[in-house]
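Engineer: The file below is model-v7.txt, compact mmCIF, C-alpha atoms:
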# COMPACT_ATOMS: atom_id res chain seq x y z
CA VAL F 317 -203.55 12.89 14.27
CA ALA F 318 -200.24 12.26 16.03
CA SER F 319 -200.14 8.53 15.24
CA PHE F 320 -202.25 5.86 13.52
CA THR F 321 -201.37 2.22 14.25
CA ASN F 322 -202.58 -1.38 13.82
CA ILE F 323 -203.73 -0.65 10.27
CA ALA F 324 -205.14 -3.60 8.35
CA THR F 325 -206.37 -1.87 5.16
CA VAL F 326 -205.54 1.26 3.19
CA TRP F 327 -209.09 2.51 3.91
CA ALA F 328 -208.76 2.55 7.68
CA LYS F 329 -209.54 6.12 8.77
CA ALA F 330 -208.81 8.51 11.61
CA GLY F 331 -209.70 12.17 11.83
CA ILE F 332 -212.28 14.79 12.76
CA MET F 333 -215.95 14.53 11.87
CA LEU F 334 -219.10 16.66 11.65
CA ARG F 335 -222.10 14.31 11.82
CA ALA F 336 -225.88 14.79 11.89
CA ASP F 337 -226.37 12.19 14.66
CA ASN F 338 -225.12 8.81 15.86
CA SER F 339 -227.23 6.67 13.53
CA PRO F 340 -225.12 4.45 11.24
CA ASN F 341 -226.47 6.00 8.01
CA ALA F 342 -226.35 9.67 9.07
CA GLN F 343 -224.98 12.58 7.00
CA TYR F 344 -221.37 13.45 7.79
CA LEU F 345 -218.14 15.01 6.56
CA MET F 346 -214.77 13.79 7.83
CA ALA F 347 -211.27 15.19 7.43
CA THR F 348 -209.51 11.83 7.14
CA LEU F 349 -206.06 10.32 7.46
CA THR F 350 -206.35 6.98 5.67
CA GLY F 351 -204.45 3.77 6.28
CA GLY F 352 -202.40 4.03 3.12
CA ARG F 353 -203.60 6.77 0.78
CA GLY F 354 -202.80 9.96 2.68
CA VAL F 355 -205.48 12.51 3.61
CA THR F 356 -208.84 13.30 2.03
CA LEU F 357 -212.30 14.75 2.70
CA TYR F 358 -214.89 12.00 2.92
CA GLY F 359 -218.60 12.05 3.65
CA ARG F 360 -222.27 11.24 3.09
CA THR F 361 -224.48 14.19 2.10
CA SER F 362 -227.87 12.54 2.63
CA ARG F 363 -229.14 10.00 5.13
CA GLY F 364 -228.83 6.45 3.80
CA ASN F 365 -226.84 7.40 0.71
CA TRP F 366 -223.39 6.14 -0.26
CA ALA F 367 -220.37 7.89 1.25
CA THR F 368 -218.00 9.50 -1.23
CA GLU F 369 -214.70 11.34 -1.51
CA PHE F 370 -214.58 15.09 -2.19
CA GLY F 371 -211.58 16.46 -4.01
CA SER F 372 -208.56 14.17 -4.20
CA MET F 373 -206.03 12.34 -2.04
CA TYR F 374 -202.85 13.98 -0.77
CA GLN F 375 -199.96 11.91 0.56
CA GLU F 376 -197.05 13.63 2.28
CA ASN F 377 -194.89 10.49 2.28
CA PRO F 378 -195.23 6.81 1.21
CA VAL F 379 -196.10 5.60 4.72
CA GLN F 380 -198.03 8.46 6.29
CA THR F 381 -199.28 7.74 9.83
CA SER F 382 -199.76 11.31 11.10
CA ALA F 383 -201.37 14.48 9.77
CA TRP F 384 -202.61 17.93 10.75
CA LEU F 385 -206.31 18.27 9.84
CA ARG F 386 -208.84 21.09 10.13
CA LEU F 387 -212.53 21.48 9.27
CA VAL F 388 -214.12 24.94 8.95
CA LYS F 389 -217.92 25.21 8.63
CA LYS F 390 -219.25 28.39 6.98
CA MET F 391 -223.03 28.04 6.98
CA ASP F 392 -223.65 25.12 4.57
CA LEU F 393 -220.07 25.05 3.22
CA VAL F 394 -217.47 22.86 4.97
CA GLU F 395 -213.80 23.33 4.09
CA MET F 396 -211.03 20.84 4.85
CA TYR F 397 -207.49 22.09 5.40
CA ARG F 398 -204.25 20.13 5.78
CA SER F 399 -200.90 21.20 7.13
CA ASP F 400 -197.37 19.86 7.47
CA ASP F 401 -196.65 21.73 10.71
CA GLY F 402 -199.96 22.96 12.19
CA VAL F 403 -199.02 26.56 11.32
CA GLU F 404 -199.34 26.97 7.56
CA TRP F 405 -202.61 25.53 6.22
CA THR F 406 -203.59 24.49 2.67
CA LEU F 407 -207.22 24.27 1.55
CA HIS F 408 -207.57 20.65 0.44
CA ALA F 409 -211.25 20.26 -0.50
CA SER F 410 -214.73 21.53 0.31
CA ALA F 411 -218.33 20.34 0.15
CA ASN F 412 -221.81 21.62 0.89
CA ILE F 413 -223.80 19.64 3.43
CA PHE F 414 -227.25 20.41 4.83
CA PHE F 415 -227.63 19.04 8.34
CA PRO F 416 -231.25 18.70 9.53
CA ASN F 417 -232.12 21.98 11.27
CA ASP F 418 -228.40 22.83 11.08
CA THR F 419 -227.77 20.66 14.16
CA PHE F 420 -224.75 18.36 14.15
CA ARG F 421 -222.14 16.63 16.33
CA VAL F 422 -218.41 17.36 16.31
CA GLY F 423 -215.79 14.81 17.30
CA LEU F 424 -212.91 12.43 16.73
CA ALA F 425 -213.52 9.35 14.59
CA VAL F 426 -211.59 6.12 13.98
CA THR F 427 -212.44 3.02 11.92
CA SER F 428 -210.23 0.05 11.09
CA ASN F 429 -212.31 -0.80 7.99
CA ASN F 430 -211.79 -4.44 9.01
CA MET F 431 -214.07 -6.41 11.33
CA GLY F 432 -211.16 -8.38 12.82
CA THR F 433 -208.88 -5.42 13.57
CA THR F 434 -208.92 -2.63 16.14
CA SER F 435 -206.97 0.37 14.88
CA GLU F 436 -205.69 3.03 17.27
CA ALA F 437 -205.21 6.75 16.68
CA THR F 438 -203.55 9.25 19.00
CA PHE F 439 -204.91 12.79 18.77
CA GLU F 440 -203.14 15.93 19.98
CA ASP F 441 -204.01 19.66 20.02
CA TYR F 442 -207.73 18.97 19.50
CA GLN F 443 -209.67 22.26 19.55
CA ILE F 444 -213.21 23.37 18.75
CA ASN F 445 -213.62 27.10 18.18
CA GLU F 446 -216.58 29.23 17.14
CA TYR F 447 -216.09 30.76 13.71
CA PHE F 448 -217.82 34.04 12.92
CA PHE F 449 -218.81 34.02 9.27
CA PRO F 450 -220.56 37.03 7.68
CA THR F 451 -224.29 36.60 7.01
CA SER F 452 -226.97 38.89 5.67
CA SER F 453 -229.19 40.67 8.16
CA PRO F 454 -232.78 39.41 8.18
CA SER F 455 -235.47 41.75 6.95
CA ILE F 456 -239.26 41.65 7.06
CA SER F 457 -241.42 42.19 3.98
CA SER F 458 -244.46 44.36 4.64
CA ALA F 459 -246.71 42.59 2.14
CA PRO F 460 -246.57 39.90 -0.56
CA THR F 461 -245.79 40.83 -4.13
CA VAL F 462 -248.40 40.71 -6.88
CA TRP F 463 -249.51 37.18 -7.67
CA GLU F 464 -248.37 35.62 -10.93
CA PRO F 465 -249.48 32.07 -11.83
CA ALA F 466 -246.19 31.30 -13.64
CA VAL F 467 -243.14 33.30 -12.64
CA ASP F 468 -239.36 33.10 -12.52
CA VAL F 469 -238.39 34.04 -8.98
CA GLY F 470 -235.01 35.70 -8.47
CA ASP F 471 -232.15 36.00 -10.95
CA VAL F 472 -232.62 33.17 -13.45
CA GLN F 473 -230.64 32.76 -16.65
CA ARG F 474 -233.36 31.13 -18.78
CA ALA F 475 -237.13 31.51 -18.55
CA GLY F 476 -238.99 28.57 -17.03
CA SER F 477 -242.14 27.00 -18.46
CA ILE F 478 -244.79 24.32 -17.98
CA THR F 479 -246.40 22.20 -20.70
CA GLU F 480 -250.04 21.26 -21.01
CA PRO F 481 -250.75 17.76 -19.63
CA ASN F 482 -250.60 15.08 -22.32
CA ALA F 483 -253.18 12.31 -22.85
CA ASP F 484 -251.83 10.48 -19.79
CA GLY F 485 -252.14 13.56 -17.62
CA VAL F 486 -248.37 14.13 -17.48
CA ALA F 487 -246.97 17.66 -17.57
CA ARG F 488 -243.38 18.85 -17.83
CA VAL F 489 -242.00 21.74 -15.79
CA TYR F 490 -238.73 23.38 -16.84
CA GLY F 491 -236.76 25.62 -14.49
CA SER F 492 -233.44 27.43 -14.50
CA GLY F 493 -231.91 29.41 -11.62
CA THR F 494 -229.04 28.81 -9.22
CA GLY F 495 -231.03 27.16 -6.48
CA THR F 496 -233.31 27.45 -3.46
CA TRP F 497 -231.00 27.75 -0.47
CA GLY F 498 -229.16 30.45 1.44
CA HIS F 499 -230.78 33.88 1.71
CA ASN F 500 -232.14 34.18 -1.86
CA ASP F 501 -233.78 31.79 -4.32
CA ALA F 502 -233.75 31.51 -8.13
CA PHE F 503 -236.28 29.11 -9.70
CA PHE F 504 -239.44 28.68 -11.77
CA PHE F 505 -242.74 28.75 -9.84
CA HIS F 506 -246.13 27.66 -11.23
CA ASN F 507 -248.65 28.43 -8.50
CA VAL F 508 -252.12 29.29 -7.29
CA GLN F 509 -253.00 31.87 -4.66
CA LYS F 510 -254.75 30.86 -1.43
CA SER F 511 -256.02 32.78 1.59
CA VAL F 512 -253.97 32.74 4.77
CA GLY F 513 -255.87 30.94 7.53
CA GLY F 514 -257.48 28.33 5.30
CA ALA F 515 -256.48 24.67 5.39
CA LEU F 516 -254.09 23.60 2.62
CA GLU F 517 -253.06 20.24 1.24
CA VAL F 518 -251.01 20.09 -1.93
CA THR F 519 -249.91 16.75 -3.39
CA VAL F 520 -248.03 15.81 -6.53
CA HIS F 521 -246.49 12.71 -8.07
CA VAL F 522 -243.07 13.54 -9.54
CA ASN F 523 -242.48 10.51 -11.74
CA ASN F 524 -239.12 11.73 -12.99
CA PHE F 525 -236.60 14.46 -12.18
CA SER F 526 -234.11 14.38 -15.01
CA TYR F 527 -231.44 16.86 -14.08
CA HIS F 528 -228.57 15.53 -12.02
CA TYR F 529 -226.81 18.60 -10.69
CA GLN F 530 -226.55 18.43 -6.91
CA TYR F 531 -228.53 21.63 -6.23
CA GLY F 532 -231.27 21.03 -8.79
CA LYS F 533 -234.70 20.42 -7.23
CA GLY F 534 -238.26 19.75 -8.39
CA GLY F 535 -241.30 19.62 -6.12
CA ILE F 536 -244.02 21.62 -4.36
CA MET F 537 -243.80 24.82 -2.35
CA ILE F 538 -245.89 27.06 -0.08
CA ARG F 539 -244.46 30.59 -0.34
CA ASP F 540 -245.23 33.98 1.21
CA SER F 541 -244.51 35.96 -1.97
CA ASN F 542 -242.45 36.07 -5.17
CA ASP F 543 -239.61 37.94 -3.47
CA PRO F 544 -236.35 35.96 -3.78
CA ASP F 545 -235.89 35.98 0.01
CA ALA F 546 -239.52 35.18 0.92
CA ALA F 547 -240.57 32.71 3.62
CA ASN F 548 -241.38 29.28 2.20
CA ALA F 549 -241.66 25.54 2.79
CA PHE F 550 -240.45 23.24 0.00
CA ILE F 551 -240.37 19.46 -0.43
CA ALA F 552 -238.67 18.18 -3.57
CA ILE F 553 -236.56 15.60 -5.31
CA ALA F 554 -232.96 16.80 -5.41
CA GLY F 555 -230.62 16.07 -8.30
CA LEU F 556 -227.58 13.79 -8.45
CA ILE F 557 -227.75 12.44 -4.90
CA GLN F 558 -231.38 11.29 -5.40
CA VAL F 559 -232.96 12.39 -2.15
CA VAL F 560 -236.23 13.80 -0.94
CA VAL F 561 -235.34 17.11 0.68
CA PHE F 562 -237.55 19.16 3.00
CA GLN F 563 -236.39 22.72 3.56
CA SER F 564 -237.80 26.07 4.66
CA ARG F 565 -237.09 29.74 5.19
CA GLU F 566 -239.08 30.58 8.29
CA GLU F 567 -239.20 34.33 7.70
CA SER F 568 -238.30 36.77 4.97
CA GLY F 569 -234.53 37.32 4.68
CA SER F 570 -233.47 34.50 6.98
CA PRO F 571 -231.25 31.65 5.73
CA THR F 572 -232.74 28.41 4.43
CA THR F 573 -233.01 25.55 6.93
CA HIS F 574 -232.73 21.99 5.63
CA HIS F 575 -234.86 19.76 7.85
CA SER F 576 -234.28 16.37 6.22
CA PHE F 577 -232.48 14.63 3.37
CA ASP F 578 -233.85 11.10 2.82
CA TRP F 579 -232.26 8.96 0.12
CA ILE F 580 -234.51 7.32 -2.48
CA GLN F 581 -233.51 4.74 -5.05
CA TYR F 582 -235.35 6.26 -8.01
CA ASN F 583 -236.45 9.77 -9.01
CA ASP F 584 -240.10 8.77 -8.61
CA VAL F 585 -241.99 9.86 -5.49
CA TRP F 586 -245.27 11.33 -4.19
CA LEU F 587 -244.87 14.62 -2.27
CA LYS F 588 -247.27 16.42 0.07
CA LEU F 589 -247.43 19.70 2.02
CA THR F 590 -250.23 20.36 4.53
CA MET F 591 -251.16 23.35 6.66
CA GLU F 592 -254.07 23.23 9.10
CA ALA F 593 -256.68 26.00 9.19
CA ASP F 594 -255.64 29.06 11.23
CA SER F 595 -252.11 27.67 11.52
CA SER F 596 -248.71 28.68 10.17
CA VAL F 597 -247.21 25.19 10.62
CA VAL F 598 -246.45 23.32 7.39
CA THR F 599 -245.92 19.54 7.49
CA ALA F 600 -244.07 17.77 4.67
CA SER F 601 -244.51 14.10 3.73
CA TYR F 602 -243.56 11.70 0.95
CA ARG F 603 -244.25 8.14 -0.17
CA HIS F 604 -242.77 5.83 -2.79
CA SER F 605 -246.03 4.72 -4.42
CA SER F 606 -249.74 5.44 -4.31
CA ASP F 607 -250.43 2.42 -2.09
CA THR F 608 -247.80 3.01 0.62
CA GLU F 609 -248.06 5.03 3.83
CA TRP F 610 -246.85 8.62 3.96
CA THR F 611 -243.50 9.26 5.66
CA VAL F 612 -243.34 12.59 7.51
CA ALA F 613 -240.18 14.46 6.50
CA GLY F 614 -240.68 17.25 9.07
CA ALA F 615 -242.63 20.35 9.99
CA THR F 616 -241.88 24.06 10.20
CA SER F 617 -243.62 27.31 11.13
CA LEU F 618 -243.70 30.15 8.59
CA THR F 619 -243.96 33.89 9.28
CA LEU F 620 -246.58 35.01 6.74
CA THR F 621 -246.81 38.74 6.04
CA GLY F 622 -249.95 39.12 3.95
CA GLU F 623 -253.48 37.81 3.51
CA THR F 624 -252.51 35.24 0.85
CA VAL F 625 -249.88 32.59 0.19
CA GLN F 626 -248.75 31.04 -3.07
CA VAL F 627 -248.86 27.28 -3.52
CA GLY F 628 -247.42 25.41 -6.46
CA LEU F 629 -244.76 23.60 -8.44
CA ALA F 630 -241.17 24.75 -8.08
CA VAL F 631 -238.23 23.70 -10.26
CA THR F 632 -234.63 24.94 -10.22
CA ALA F 633 -231.55 23.72 -12.08
CA GLY F 634 -229.23 24.83 -9.29
CA ASP F 635 -226.69 25.86 -11.92
CA ALA F 636 -226.36 28.94 -14.12
CA TYR F 637 -227.58 28.65 -17.73
CA GLN F 638 -228.98 25.14 -17.30
CA TYR F 639 -232.50 23.68 -17.33
CA ALA F 640 -233.94 21.13 -14.95
CA LEU F 641 -237.00 19.08 -15.93
CA ALA F 642 -239.58 17.70 -13.53
CA GLN F 643 -242.13 15.35 -15.08
CA LEU F 644 -245.39 15.34 -13.13
CA ASP F 645 -248.65 13.46 -12.98
CA TYR F 646 -250.50 16.76 -13.21
CA LYS F 647 -253.91 15.24 -12.42
CA GLU F 648 -252.65 14.50 -8.88
CA TYR F 649 -251.55 18.09 -8.23
Kindly transcribe the structure held in the file into C-alpha cells.
Structural biologist:
Amino acid sequence: VASFTNIATVWAKAGIMLRADNSPNAQYLMATLTGGRGVTLYGRTSRGNWATEFGSMYQENPVQTSAWLRLVKKMDLVEMYRSDDGVEWTLHASANIFFPNDTFRVGLAVTSNNMGTTSEATFEDYQINEYFFPTSSPSISSAPTVWEPAVDVGDVQRAGSITEPNADGVARVYGSGTGTWGHNDAFFFHNVQKSVGGALEVTVHVNNFSYHYQYGKGGIMIRDSNDPDAANAFIAIAGLIQVVVFQSREESGSPTTHHSFDWIQYNDVWLKLTMEADSSVVTASYRHSSDTEWTVAGATSLTLTGETVQVGLAVTAGDAYQYALAQLDYKEY
C-alpha cells in the first residue's frame, strides 16, 4: 500500500483480501493498513458472523499511511506478513478459515469506514503467485473397519461417552480429540451400521453445544469406516463462532472440504443428513426450530469402499485433553 489518503476514521482500511464471494456478509481475511492504528489481520470466519481482529496491531510510526503486506494461504491456514522494505518479512498473525468448497476471490480492498467519505489507496507491486504447500498423498481403503457402536476415532486424549436419555429424552454426548478437518480426524462416534445403497435420513436436535473452542463440533455424520482418514459427510454446530458447518471428505485420505459455514444466534438447531437409495450423494440441511423450513447447507458425493456405512452422532473438542459436550433430544435421532 504505497499511500492511503482522505482518511476520516482510524478504522478506515486498505489492503489485500481473500473472500468467499462478493456478498456483504461473506467470509474473508484481510491484511489491513488501518487509518490510524497501523497494520493488522482482520476477518470474518463464517458467513453472517461478526468480523474480528486476529493477533494484534503493529504501527511502524505515529502516522502510518503506507505498508508492505502479504497473505500466504496454506490449505486452511492463512498467514499475514508485514515488512518495512518489501524484502525482509515478519509473520504478523495467522488464522484458519474454511472457504466453501475451498473457492475464494483474491483482490485489493478499500473502505473509508465513513458513509460521507471516499478514501483512496495507491497500490504498487501487487502480485498473486501459486504457493506449493506439502500435502499428504490420497490413499484408498480396500474395505471398512469393523463396526463399533461407540468408538473413539483417531488419536484422542480422553475416551468419549454417551449417557442414557433422561426422562425428557435428552442425552449427553462427550467427545475429546483434536478435530475433524484436514487429512485425519479425532472424535467420539456413536453410530449404527447401514447397508450401502439403501436410503438414509438421519435427524437430530442439538439443543446445546457447550464447548466454545473454535474447532469443537457436535452433530451427525455418515462415514465410510472408523479409519481416521475415512470418507464422510458431517453437519454440526461448531464451537465459539456459533455456526452450522457442513463438511466432507469425499474419499479416503483426501483433505476435508468445508462446504458452508452459516452463523446462528444460539447453539440450538435441528440437523439432517439424507442420502437417496442407490446414490452416493449426501445432502445436509438445518433448521432453527421444529416448525420452520429446512435450509439446505449443501451436498457432496462420497466414495464408499464397502457394503456398509456408519451413521451417527459425532462430537470432538478440537483441542487436546479437553471435552466437548453436545446435549441432544435423543428421541429425534
Engineer: Pick the closest to Phe550 of chain F from F:Tyr639, F:Tyr582, F:Trp497, F:Phe525: which is it, counting all atoms listed in the file?
Structural biologist: F:Trp497
Engineer: In terms of the shortest atom-to-atom distance over only C-alpha atoms, which of F:Ala515, F:Ala640, F:Val355, F:Val520 is closest to Val625 of chain F?
Structural biologist: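 Using only C-alpha atoms, the shortest distance to Val625 of chain F belongs to F:Ala515.
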Engineer: Measure the distance from atom CA of Gly354 of chain F to atom CA of Glu369 of chain F in Å and round it to one decimal.
Structural biologist: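 Straight-line distance from atom CA of Gly354 of chain F to atom CA of Glu369 of chain F works out to 12.7 Å.
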Engineer: How many Å separate atom CA of Ala324 of chain F from atom CA of Ala437 of chain F?
Structural biologist: 13.3 Å
Engineer: What is the distance, in Å and to one decimal place, between atom CA of Leu629 of chain F and atom CA of His499 of chain F?
Structural biologist: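 Result for atom CA of Leu629 of chain F versus atom CA of His499 of chain F: 20.1 Å, one decimal.
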Engineer: Which residues of segment 370-463 of chain F come within 7 Å of segment 333-351 of chain F, and for each one, what is the closest pair of atoms and their distance in Å to one decimal, counting all atoms listed in the file, sorted by chain and residue number, as a Markdown table?
Structural biologist:
| residue | atom | partner | partner_atom | distance |
| --- | --- | --- | --- | --- |
| F:Ala383 | CA | F:Leu349 | CA | 6.7 |
| F:Leu385 | CA | F:Ala347 | CA | 6.3 |
| F:Arg386 | CA | F:Ala347 | CA | 6.9 |
| F:Leu387 | CA | F:Ala347 | CA | 6.7 |
| F:Met396 | CA | F:Ala347 | CA | 6.2 |
| F:Phe415 | CA | F:Ala336 | CA | 5.8 |
| F:Thr419 | CA | F:Ala336 | CA | 6.6 |
| F:Phe420 | CA | F:Ala336 | CA | 4.4 |
| F:Arg421 | CA | F:Arg335 | CA | 5.1 |
| F:Val422 | CA | F:Leu334 | CA | 4.8 |
| F:Gly423 | CA | F:Met333 | CA | 5.4 |
| F:Leu424 | CA | F:Met333 | CA | 6.1 |
| F:Ala425 | CA | F:Met333 | CA | 6.3 |
Engineer: Between F:Ala483, F:Val597, F:Val326, F:Val561, which is the closest to Gln380 of chain F once you count only C-alpha atoms?
Structural biologist: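 Among the listed residues, F:Val326 lies closest to Gln380 of chain F.
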Engineer: Neighbouring residues of Thr519 of chain F were defined as those with any atom within 12 Å, considering all atoms listed in the file; residues of the same chain fewer than 4 positions away were excluded. Please report them as a list in words.
Structural biologist: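 Here the qualifying residues turn out to be Gly535, Ile536, Met537, Ile538, Phe550, Ile551, Ala552, Val585, Trp586, Leu587, Lys588, Leu589, Thr590, Thr599, Ala600, Ser601, Tyr602, Arg603, Ser606, Trp610, Val627, Gly628, Leu629, Leu644, Asp645, Tyr646, Lys647, Glu648 and Tyr649 of chain F.
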Engineer: Applying 7 Å and only C-alpha atoms, which residues near Thr406 of chain F remain after dropping the ones on its own chain fewer than 6 positions away? List them as a list in words.
Structural biologist: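 Contacts, with the query itself left out: Tyr397, Arg398 and Ser399 of chain F.
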Engineer: What lies within 9 Å of Leu393 of chain F using only C-alpha atoms, ignoring chain neighbours under 4 positions off, as a list in words?
Structural biologist: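 So, after excluding close chain neighbours, the residues are Val388, Lys389, Ser410, Ala411, Asn412, Ile413 and Phe414 of chain F.
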Engineer: What box, with edges along x, y and z, holds each listed atom of segment 516-533 of chain F when 5 Å is added on every side, and can you state its centre and edge lengths in Å to one decimal, as AutoDock Vina command-line options?
Structural biologist:
--center_x -240.3 --center_y 17.1 --center_z -6.2 --size_x 37.5 --size_y 23.1 --size_z 27.6
Engineer: Some atoms are missing, so please complete segment 461-480 of chain F with N, CA, C and O atoms and return it as a compact mmCIF listing (two decimals), in the coordinates of the input.
Structural biologist:
# COMPACT_ATOMS: atom_id res chain seq x y z
N THR F 461 -245.80 40.20 -2.82
CA THR F 461 -245.79 40.83 -4.13
C THR F 461 -247.03 40.39 -4.91
O THR F 461 -247.77 39.52 -4.51
N VAL F 462 -247.24 41.02 -6.06
CA VAL F 462 -248.40 40.71 -6.88
C VAL F 462 -248.32 39.26 -7.34
O VAL F 462 -247.28 38.77 -7.75
N TRP F 463 -249.47 38.59 -7.30
CA TRP F 463 -249.51 37.18 -7.67
C TRP F 463 -249.35 37.00 -9.17
O TRP F 463 -249.98 37.69 -9.96
N GLU F 464 -248.51 36.04 -9.54
CA GLU F 464 -248.37 35.62 -10.93
C GLU F 464 -248.47 34.10 -10.96
O GLU F 464 -247.80 33.41 -10.19
N PRO F 465 -249.31 33.52 -11.82
CA PRO F 465 -249.48 32.07 -11.83
C PRO F 465 -248.24 31.31 -12.30
O PRO F 465 -248.03 30.17 -11.91
N ALA F 466 -247.42 31.91 -13.16
CA ALA F 466 -246.19 31.30 -13.64
C ALA F 466 -245.12 32.38 -13.65
O ALA F 466 -245.22 33.35 -14.41
N VAL F 467 -244.10 32.23 -12.82
CA VAL F 467 -243.14 33.30 -12.64
C VAL F 467 -241.76 32.72 -12.38
O VAL F 467 -241.62 31.66 -11.75
N ASP F 468 -240.74 33.40 -12.89
CA ASP F 468 -239.36 33.10 -12.52
C ASP F 468 -239.01 33.96 -11.32
O ASP F 468 -238.99 35.20 -11.40
N VAL F 469 -238.74 33.33 -10.20
CA VAL F 469 -238.39 34.04 -8.98
C VAL F 469 -236.88 34.22 -8.93
O VAL F 469 -236.12 33.28 -9.18
N GLY F 470 -236.43 35.44 -8.60
CA GLY F 470 -235.01 35.70 -8.47
C GLY F 470 -234.31 35.85 -9.81
O GLY F 470 -234.93 36.03 -10.86
N ASP F 471 -232.99 35.76 -9.78
CA ASP F 471 -232.15 36.00 -10.95
C ASP F 471 -231.91 34.69 -11.68
O ASP F 471 -230.97 33.95 -11.40
N VAL F 472 -232.79 34.39 -12.66
CA VAL F 472 -232.62 33.17 -13.45
C VAL F 472 -231.98 33.51 -14.78
O VAL F 472 -232.07 34.63 -15.26
N GLN F 473 -231.34 32.54 -15.39
CA GLN F 473 -230.64 32.76 -16.65
C GLN F 473 -231.51 32.44 -17.86
O GLN F 473 -231.32 33.00 -18.93
N ARG F 474 -232.48 31.52 -17.68
CA ARG F 474 -233.36 31.13 -18.78
C ARG F 474 -234.79 31.04 -18.23
O ARG F 474 -235.00 30.55 -17.12
N ALA F 475 -235.74 31.49 -19.01
CA ALA F 475 -237.13 31.51 -18.55
C ALA F 475 -237.66 30.09 -18.38
O ALA F 475 -237.45 29.22 -19.23
N GLY F 476 -238.36 29.85 -17.27
CA GLY F 476 -238.99 28.57 -17.03
C GLY F 476 -240.31 28.45 -17.75
O GLY F 476 -240.85 29.43 -18.27
N SER F 477 -240.87 27.23 -17.76
CA SER F 477 -242.14 27.00 -18.46
C SER F 477 -242.77 25.71 -17.96
O SER F 477 -242.12 24.88 -17.33
N ILE F 478 -244.07 25.55 -18.28
CA ILE F 478 -244.79 24.32 -17.98
C ILE F 478 -245.61 23.94 -19.20
O ILE F 478 -246.20 24.81 -19.87
N THR F 479 -245.64 22.67 -19.55
CA THR F 479 -246.40 22.20 -20.70
C THR F 479 -247.82 21.84 -20.29
O THR F 479 -248.09 21.59 -19.11
N GLU F 480 -248.71 21.79 -21.27
CA GLU F 480 -250.04 21.26 -21.01
C GLU F 480 -249.95 19.76 -20.75
O GLU F 480 -249.12 19.08 -21.37
